[in-house]
Structures are given as C-alpha cells and as structure tokens.
$ cat model.txt   # compact mmCIF, C-alpha atoms
# COMPACT_ATOMS: atom_id res chain seq x y z
CA MET A 1 273.95 117.46 220.09
CA GLY A 2 273.30 118.94 223.50
CA ASP A 3 273.09 122.45 224.70
CA PRO A 4 275.88 124.87 225.53
CA SER A 5 275.42 124.30 229.24
CA SER A 6 275.61 120.50 229.10
CA LYS A 7 278.42 119.13 231.19
CA ASN A 8 280.60 116.05 230.80
CA LEU A 9 280.23 114.27 234.12
CA LEU A 10 283.30 112.07 233.90
CA GLU A 11 285.70 114.85 232.88
CA ASP A 12 283.81 117.80 234.37
CA ARG A 13 284.40 119.97 231.30
CA PRO A 14 281.67 121.94 229.52
CA ALA A 15 280.53 120.58 226.16
CA HIS A 16 280.13 123.06 223.33
CA ARG A 17 277.69 123.01 220.47
CA SER A 18 278.37 124.45 217.04
CA GLU A 19 276.51 127.67 216.25
CA GLY A 20 274.37 126.23 213.44
CA SER A 21 272.88 123.32 215.39
CA LYS A 22 270.67 125.12 217.91
CA LYS A 23 267.37 123.41 218.63
CA THR A 24 264.60 124.27 221.01
CA TYR A 25 263.28 121.55 223.24
CA LYS A 26 260.17 121.43 225.35
CA LYS A 27 261.04 121.24 228.99
CA PRO A 28 259.31 118.32 230.73
CA LYS A 29 257.78 119.37 234.00
CA THR A 30 259.02 116.66 236.32
CA ASP A 31 258.07 118.67 239.38
CA ASP A 32 254.41 118.71 238.33
CA ALA A 33 253.97 115.04 237.35
CA ILE A 34 251.83 112.77 239.51
CA SER A 35 252.85 109.11 239.52
CA THR A 36 250.61 106.59 237.75
CA ILE A 37 252.27 103.59 239.42
CA THR A 38 250.03 101.45 241.67
CA GLU A 39 250.51 98.49 244.00
CA ASP A 40 249.42 96.26 241.11
CA SER A 41 252.33 97.64 239.09
CA PHE A 42 254.70 96.27 241.73
CA ILE A 43 253.31 92.75 241.28
CA SER A 44 254.00 93.05 237.57
CA PHE A 45 257.49 94.48 238.17
CA ARG A 46 258.43 91.66 240.55
CA LYS A 47 257.38 89.04 237.98
CA LYS A 48 258.76 90.71 234.87
CA PHE A 49 262.01 92.10 236.26
CA HIS A 50 262.66 89.43 238.96
CA PHE A 51 263.00 91.73 241.95
CA PRO A 52 264.14 90.05 245.15
CA ASN A 53 261.43 90.00 247.84
CA ASP A 54 263.54 92.13 250.18
CA VAL A 55 263.50 95.16 247.83
CA VAL A 56 261.16 97.68 249.48
CA MET A 57 259.11 99.70 246.98
CA ARG A 58 256.66 102.47 247.74
CA VAL A 59 253.84 103.96 245.67
CA PRO A 60 254.10 107.77 245.64
CA ALA A 61 251.18 109.68 247.14
CA ARG A 62 249.41 112.21 244.92
CA SER A 63 251.35 114.98 246.66
CA ASP A 64 254.75 113.27 246.08
CA ARG A 65 257.00 114.32 243.22
CA ALA A 66 259.82 112.45 241.48
CA ARG A 67 262.49 115.03 242.29
CA PHE A 68 261.81 114.82 246.02
CA PRO A 69 261.85 111.19 247.21
CA PRO A 70 261.11 110.53 250.87
CA PRO A 71 264.17 110.25 253.14
CA GLY A 72 265.82 106.85 252.72
CA TYR A 73 264.36 106.26 249.24
CA VAL A 74 265.43 106.87 245.64
CA THR A 75 263.18 107.61 242.68
CA VAL A 76 263.08 104.98 239.94
CA TYR A 77 261.31 105.37 236.61
CA GLU A 78 259.64 102.39 234.96
CA PHE A 79 261.61 103.07 231.76
CA SER A 80 264.84 102.42 233.69
CA LEU A 81 263.63 98.88 234.33
CA ARG A 82 262.83 98.42 230.64
CA ALA A 83 266.30 99.80 229.85
CA GLY A 84 267.93 97.01 231.86
CA LEU A 85 268.17 98.34 235.43
CA ARG A 86 267.73 95.57 237.97
CA LEU A 87 267.35 95.90 241.70
CA PRO A 88 269.60 95.80 243.54
CA PRO A 89 271.65 97.84 241.04
CA ALA A 90 274.83 96.37 239.57
CA PRO A 91 277.95 97.31 241.58
CA GLU A 92 279.46 98.84 238.41
CA LEU A 93 276.44 101.13 238.04
CA ILE A 94 276.64 102.14 241.70
CA ASP A 95 280.34 103.03 241.26
CA ILE A 96 279.64 105.09 238.12
CA MET A 97 276.78 106.96 239.82
CA THR A 98 278.88 107.60 242.93
CA ILE A 99 281.86 108.93 240.96
CA CYS A 100 279.62 111.14 238.80
CA GLY A 101 277.50 112.26 241.77
CA VAL A 102 274.18 111.42 240.12
CA SER A 103 271.09 109.40 241.03
CA ILE A 104 269.26 106.65 239.15
CA SER A 105 266.37 108.96 238.32
CA GLN A 106 268.61 111.34 236.36
CA PHE A 107 269.51 108.80 233.65
CA SER A 108 267.69 109.02 230.34
CA TYR A 109 266.38 105.80 228.82
CA ARG A 110 269.21 105.82 226.30
CA ALA A 111 271.96 106.38 228.87
CA MET A 112 270.58 103.66 231.15
CA SER A 113 270.18 101.11 228.33
CA ILE A 114 273.70 101.77 227.00
CA ILE A 115 275.38 101.55 230.40
CA MET A 116 273.46 98.41 231.39
CA GLY A 117 274.30 96.85 228.00
CA LEU A 118 277.99 97.67 228.45
CA ILE A 119 277.96 96.22 231.98
CA VAL A 120 276.49 92.96 230.64
CA LEU A 121 278.94 92.88 227.70
CA PHE A 122 281.93 93.45 229.96
CA ARG A 123 280.76 90.83 232.48
CA ASP A 124 280.34 88.35 229.63
CA ARG A 125 284.02 88.93 228.80
CA GLY A 126 285.08 88.63 232.45
CA VAL A 127 285.88 92.33 232.85
CA VAL A 128 284.41 94.96 235.17
CA LEU A 129 283.15 98.18 233.57
CA SER A 130 284.81 101.02 235.48
CA SER A 131 284.11 104.73 235.17
CA GLU A 132 287.55 105.15 233.57
CA CYS A 133 286.77 102.53 230.95
CA LEU A 134 283.34 104.07 230.33
CA SER A 135 284.98 107.47 229.80
CA ARG A 136 287.09 105.95 227.01
CA ILE A 137 284.01 104.54 225.28
CA GLY A 138 281.86 107.64 225.54
CA ARG A 139 280.78 110.49 227.75
CA LEU A 140 277.97 111.03 230.20
CA PHE A 141 276.52 114.53 229.93
CA SER A 142 274.08 116.39 232.12
CA ASP A 143 271.65 118.85 230.54
CA VAL A 144 270.20 121.94 232.23
CA GLN A 145 267.41 119.83 233.74
CA GLY A 146 269.89 117.35 235.22
CA ARG A 147 269.00 114.48 232.84
CA ILE A 148 272.00 112.28 232.04
CA THR A 149 272.68 111.34 228.41
CA PHE A 150 275.41 109.24 226.82
CA ARG A 151 277.41 110.17 223.73
CA SER A 152 280.10 108.22 221.95
CA LYS A 153 282.06 109.02 218.84
CA TRP A 154 283.18 105.39 218.50
CA LEU A 155 279.86 103.59 218.87
CA ASP A 156 276.79 104.01 216.73
CA ILE A 157 274.19 103.24 219.37
CA ARG A 158 270.56 103.75 218.56
CA THR A 159 267.99 103.31 221.24
CA ARG A 160 264.52 104.66 221.38
CA ASP A 161 262.19 104.80 224.32
CA PRO A 162 258.76 103.66 223.16
CA SER A 163 257.09 105.27 226.15
CA LYS A 164 255.61 108.75 225.82
CA GLY A 165 254.39 109.05 229.43
CA TRP A 166 257.68 108.26 231.17
CA ILE A 167 257.51 111.33 233.36
CA SER A 168 254.59 110.01 235.43
CA ASN A 169 255.76 106.38 235.69
CA PHE A 170 257.90 106.69 238.80
CA PHE A 171 258.02 105.02 242.20
CA TYR A 172 260.28 104.93 245.22
CA VAL A 173 262.70 102.19 246.26
CA GLN A 174 264.30 101.99 249.68
CA ASN A 175 267.90 103.12 249.32
CA ASP A 176 269.88 100.24 250.81
CA TRP A 177 272.84 100.98 248.51
CA ASN A 178 273.81 104.49 249.72
CA LEU A 179 272.92 106.06 246.37
CA GLN A 180 272.50 109.78 245.93
CA GLU A 181 268.84 110.72 246.52
CA LYS A 182 268.35 113.65 244.14
$ encode --input "model.txt" --output "structure tokens"
Amino acid sequence: MGDPSSKNLLEDRPAHRSEGSKKTYKKPKTDDAISTITEDSFISFRKKFHFPNDVVMRVPARSDRARFPPPGYVTVYEFSLRAGLRLPPAPELIDIMTICGVSISQFSYRAMSIIMGLIVLFRDRGVVLSSECLSRIGRLFSDVQGRITFRSKWLDIRTRDPSKGWISNFFYVQNDWNLQEK
C-alpha cells in the first residue's frame, strides 16, 4: 500500500509496508515528458472549468519540463482540473499545501479528487476543511518520486484516472497565490 520510503506528510512519520506486499512499479519519467497542451487547450479549459480571465496560463516550450516551472509559475496537470481543482485554488487547498510543503503538481489524481471532494462536502455543511481535520480522515503520503497520495482507513474511496497520458498534459499557471513551485 505504498513503499517503505513513503512518508506521511501531515504527521511526518515514515509509513511501513508489510513484508509480503512488495510490488514493483514502473517509474514515470516526468523529467523527460514534453507537454502536449496547446493554446487551443486553454480555450477549452476556460470554458469547461470556468477559469477567471485574470488567470495567466502559459504553454510550455518543447524544452520545458513539468518539474521545473519558470520563475513565478506553478505546474498544473490537466488531470488535476478533471479531479476538481479550480483556479484560483480553494483557500483550504492552499493551506493544506502550505502546511505539507508540497505543490499542486505533486498530487495524484486520486489525492486531488478526494481533497477537492472533501472541501466541497465540508463547505456544503458550513465547515472549513483544515489540515488537522484532514489528518483525522486520512493521511497524505509522498512516494519516492514526490507524488502525493491519500489513504484512509475510515473511508472506502475509489477513484480512477481514465487518462493514460497524464504525464505530458501539463501547463504553467502564474503563481499569484504564493504556492510552492516544485
């Protein structure tokens, strides 16, 4: 359910895996991926995800890589938008990312969709989702590649990212929210 080096970001304790559950995973090569996002994609994003006109987005050049956004920008993957991320990001999400010291681009589809769903659920009930409350529901873990996943022993949450080519569907957004630019 993770690897021995995965780390709980809210408690900062290592997570351990039982001996019999070792799996080998292919390591995605995020540093090698070239973005497939175009200016036309931005038109679609603005319509579908209702971006405000003042959100500055930038198409990565062929030499740009997701892990190294230009100064003043953060990397955003298209799957994060499909998982519920809206720009500007929800204040609750900004607080969680700041406390955990992570950037938007590190979240897996599952982690992003769960956190955004919880933010909406809590807002519907008139409550703000804090990092302390999130830590009582489940845990955010970072794997060796820095990808953030969410695990909960209380919730049976099943999400599946239908996209196979997520690694090359990234773009840059001007960082007007003082987010970490990893």
$ closest_residue --input "model.txt" --among "A:Met112, A:Leu129, A:Val102, A:Ile43" --to "Val74 in chain A" --atoms "all atoms listed in the file"
A:Val102
$ closest_residue --input "model.txt" --among "A:Tyr73, A:Tyr109, A:Phe68, A:Phe51" --to "Asn175 in chain A" --atoms "all atoms listed in the file"
A:Tyr73
$ residues_around --input "model.txt" --residues "Val56 in chain A" --least-positions-apart "2" --cutoff "8 Å" --atoms "only C-alpha atoms" --output "list in words"
Asn53, Asp54, Arg58, Val173 and Gln174 of chain A
$ residues_around --input "model.txt" --residues "Ser130 in chain A" --least-positions-apart "3" --cutoff "8 Å" --atoms "all atoms listed in the file" --output "list in words"
Glu92, Asp95, Ile96, Cys133 and Leu134 of chain A
$ atom_distance --input "model.txt" --atom1 "CA of Pro89 in chain A" --atom2 "CA of Ile104 in chain A"
9.3 Å
$ atom_distance --input "model.txt" --atom1 "CA of Ile37 in chain A" --atom2 "CA of Gly117 in chain A"
25.7 Å
$ atom_distance --input "model.txt" --atom1 "CA of Ser168 in chain A" --atom2 "CA of Phe79 in chain A"
10.5 Å
$ closest_residue --input "model.txt" --among "A:Arg62, A:Arg82, A:Arg125, A:Arg139" --to "Ser113 in chain A" --atoms "only C-alpha atoms"
A:Arg82
$ closest_residue --input "model.txt" --among "A:Phe107, A:Trp154, A:Phe141, A:Phe42" --to "Ser80 in chain A" --atoms "only C-alpha atoms"
A:Phe107
$ residues_around --input "model.txt" --residues "Pro71 in chain A" --least-positions-apart "6" --cutoff "12 Å" --atoms "all atoms listed in the file" --output "mmCIF file with C-alpha atoms, keeping the file's coordinate frame"
data_model
loop_
_atom_site.group_PDB
_atom_site.id
_atom_site.type_symbol
_atom_site.label_atom_id
_atom_site.label_comp_id
_atom_site.auth_asym_id
_atom_site.auth_seq_id
_atom_site.Cartn_x
_atom_site.Cartn_y
_atom_site.Cartn_z
ATOM 1 C CA TYR A 172 260.280 104.930 245.220
ATOM 2 C CA VAL A 173 262.700 102.190 246.260
ATOM 3 C CA GLN A 174 264.300 101.990 249.680
ATOM 4 C CA ASN A 175 267.900 103.120 249.320
ATOM 5 C CA ASP A 176 269.880 100.240 250.810
ATOM 6 C CA ASN A 178 273.810 104.490 249.720
ATOM 7 C CA LEU A 179 272.920 106.060 246.370
ATOM 8 C CA GLN A 180 272.500 109.780 245.930
ATOM 9 C CA GLU A 181 268.840 110.720 246.520
ATOM 10 C CA LYS A 182 268.350 113.650 244.140
#
$ residues_around --input "model.txt" --residues "range 136-138 of chain A" --least-positions-apart "6" --cutoff "9 Å" --atoms "only C-alpha atoms" --output "PyMOL selection string"
chain A and resi 150-155
$ closest_residue --input "model.txt" --among "A:Ile99, A:Leu81, A:Ser63, A:Ser105" --to "Phe45 in chain A" --atoms "all atoms listed in the file"
A:Leu81
$ closest_residue --input "model.txt" --among "A:Ser44, A:Ser131, A:Ser35, A:Thr75" --to "Leu118 in chain A" --atoms "only C-alpha atoms"
A:Ser131
